[in-house]
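Engineer: Sharing a structure below in structure tokens format, with a few things to ask.
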Amino acid sequence: MGSAFHPKDAAMPRTLVQALAEELVRASNILGDLAYDLGSDGDTLRRHMASLQAIDHVTQMQLAIADLLRAPDEITANAGRVTLEDMAVRLRGALDGTADAA
């Protein structure tokens, strides 16, 4: 625990990492389509606004992770550019070894 991620030490081959990034994008697109379908119904939108926003947050997280996976040699620098503040804080903690064990 507490050690920073070093892409050169990663056990997964780059092709698998790239494939995983694409799967995250695919999953994000599916979730985005689902949220759009659910949100297009006014009653559903009103009753489940927070849940639909959570789906959007998850898709943004998945896309940010996919971007990080696409450039594993630059993951430390790119983690600093994650625009989701809660995720950026967790990633910075993981990279500098101060992440909570939660």
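Starting from 1 in every chain, residues are counted up; chains themselves are A, B, ... following the order of the structure tokens, and ligands are numbered from 1 as listed.
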Which residues of range 35-72 of chain A come within 12 Å of range 84-90 of chain A, and for each one, what is the closest pair of atoms and their distance in Å to one decimal, counting only C-alpha atoms, sorted by chain and residue number, as a tab-separated table?
Structural biologist:
residue	atom	partner	partner_atom	distance
A:Asp56	CA	A:Leu84	CA	11.5
A:His57	CA	A:Leu84	CA	8.4
A:Val58	CA	A:Leu84	CA	10.3
A:Thr59	CA	A:Leu84	CA	11.1
A:Gln60	CA	A:Leu84	CA	7.7
A:Met61	CA	A:Leu84	CA	7.3
A:Gln62	CA	A:Met87	CA	10.5
A:Leu63	CA	A:Leu84	CA	10.7
A:Ala64	CA	A:Leu84	CA	8.4
A:Ile65	CA	A:Met87	CA	9.7
A:Leu68	CA	A:Ala88	CA	11.6
Engineer: Set the distance at 9 Å and use only C-alpha atoms: which residues neighbour Leu52 in chain A once local chain neighbours fewer than 5 positions away are removed? I'd like the list as a ChimeraX atom specification.
Structural biologist: /A:35-36,38-39,45,57
Engineer: Report as a PyMOL selection string all protein, DNA and RNA residues lying within 10 Å of Leu16 in chain A, evaluated on only C-alpha atoms, omitting residues in the same chain fewer than 5 positions from it.
Structural biologist: chain A and resi 21-22+69
Engineer: Write out the residues from the selection above, keeping all heavy atoms, as a CSV table (one decimal), in the first residue's frame.
Structural biologist:
chain,number,residue,atom,x,y,z
A,21,ALA,N,-9.7,0.2,-22.3
A,21,ALA,CA,-10.1,1.6,-22.5
A,21,ALA,C,-11.3,1.7,-23.5
A,21,ALA,O,-12.3,2.4,-23.2
A,21,ALA,CB,-9.0,2.4,-23.1
A,22,GLU,N,-11.2,0.9,-24.6
A,22,GLU,CA,-12.4,0.9,-25.5
A,22,GLU,C,-13.6,0.3,-24.9
A,22,GLU,O,-14.7,0.8,-25.2
A,22,GLU,CB,-12.0,0.2,-26.8
A,22,GLU,CG,-10.9,0.9,-27.6
A,22,GLU,CD,-11.2,2.3,-27.9
A,22,GLU,OE1,-12.4,2.6,-28.3
A,22,GLU,OE2,-10.4,3.2,-27.7
A,69,LEU,N,-5.9,5.3,-19.6
A,69,LEU,CA,-5.4,4.0,-20.0
A,69,LEU,C,-4.8,4.1,-21.4
A,69,LEU,O,-3.9,3.4,-21.7
A,69,LEU,CB,-6.5,3.0,-20.0
A,69,LEU,CG,-7.0,2.5,-18.7
A,69,LEU,CD1,-8.2,1.6,-18.9
A,69,LEU,CD2,-5.9,1.8,-17.9
Engineer: Using only C-alpha atoms, determine which residues lie at most 10 Å from Leu34 in chain A, disregarding the query and same-chain residues fewer than 6 positions distant; provide the list as a PyMOL selection string.
Structural biologist: chain A and resi 28+40+52+55
Engineer: Could you dump the residues just selected with N, CA, C and O atoms as a PDB file, in the first residue's frame?
Structural biologist:
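As written to disk, result_20.pdb reads:
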ATOM      1  N   SER A  28     -19.722   3.427 -21.450  1.00  0.00           N
ATOM      2  CA  SER A  28     -20.167   4.809 -21.244  1.00  0.00           C
ATOM      3  C   SER A  28     -21.235   5.197 -22.255  1.00  0.00           C
ATOM      4  O   SER A  28     -22.214   5.864 -21.910  1.00  0.00           O
ATOM      5  N   SER A  40     -35.815  11.285 -21.342  1.00  0.00           N
ATOM      6  CA  SER A  40     -36.737  11.837 -22.335  1.00  0.00           C
ATOM      7  C   SER A  40     -38.195  11.717 -21.885  1.00  0.00           C
ATOM      8  O   SER A  40     -39.070  12.356 -22.457  1.00  0.00           O
ATOM      9  N   LEU A  52     -30.217   9.938 -12.582  1.00  0.00           N
ATOM     10  CA  LEU A  52     -29.764  10.204 -13.950  1.00  0.00           C
ATOM     11  C   LEU A  52     -28.468  11.010 -13.939  1.00  0.00           C
ATOM     12  O   LEU A  52     -27.574  10.772 -14.756  1.00  0.00           O
ATOM     13  N   ILE A  55     -25.699   8.614 -13.244  1.00  0.00           N
ATOM     14  CA  ILE A  55     -25.312   7.875 -14.448  1.00  0.00           C
ATOM     15  C   ILE A  55     -24.360   8.728 -15.277  1.00  0.00           C
ATOM     16  O   ILE A  55     -23.330   8.246 -15.764  1.00  0.00           O
TER      17      ILE A  55
END
Engineer: To one decimal in Å, tell me the separation between CA of Ala27 in chain A and CA of Asp67 in chain A.
Structural biologist: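 Spanning CA of Ala27 in chain A to CA of Asp67 in chain A is a straight-line distance of 13.9 Å.
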Engineer: What is the CA of Gln53 in chain A to CA of Arg26 in chain A distance in Å?
Structural biologist: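 Going from CA of Gln53 in chain A over to CA of Arg26 in chain A, I get 18.7 Å.
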Engineer: For CA of Asp96 in chain A and CA of Arg14 in chain A, determine how far apart the two atoms are, in Å to one decimal place.
Structural biologist: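 Rounded to one decimal, the two atoms are 23.4 Å apart.
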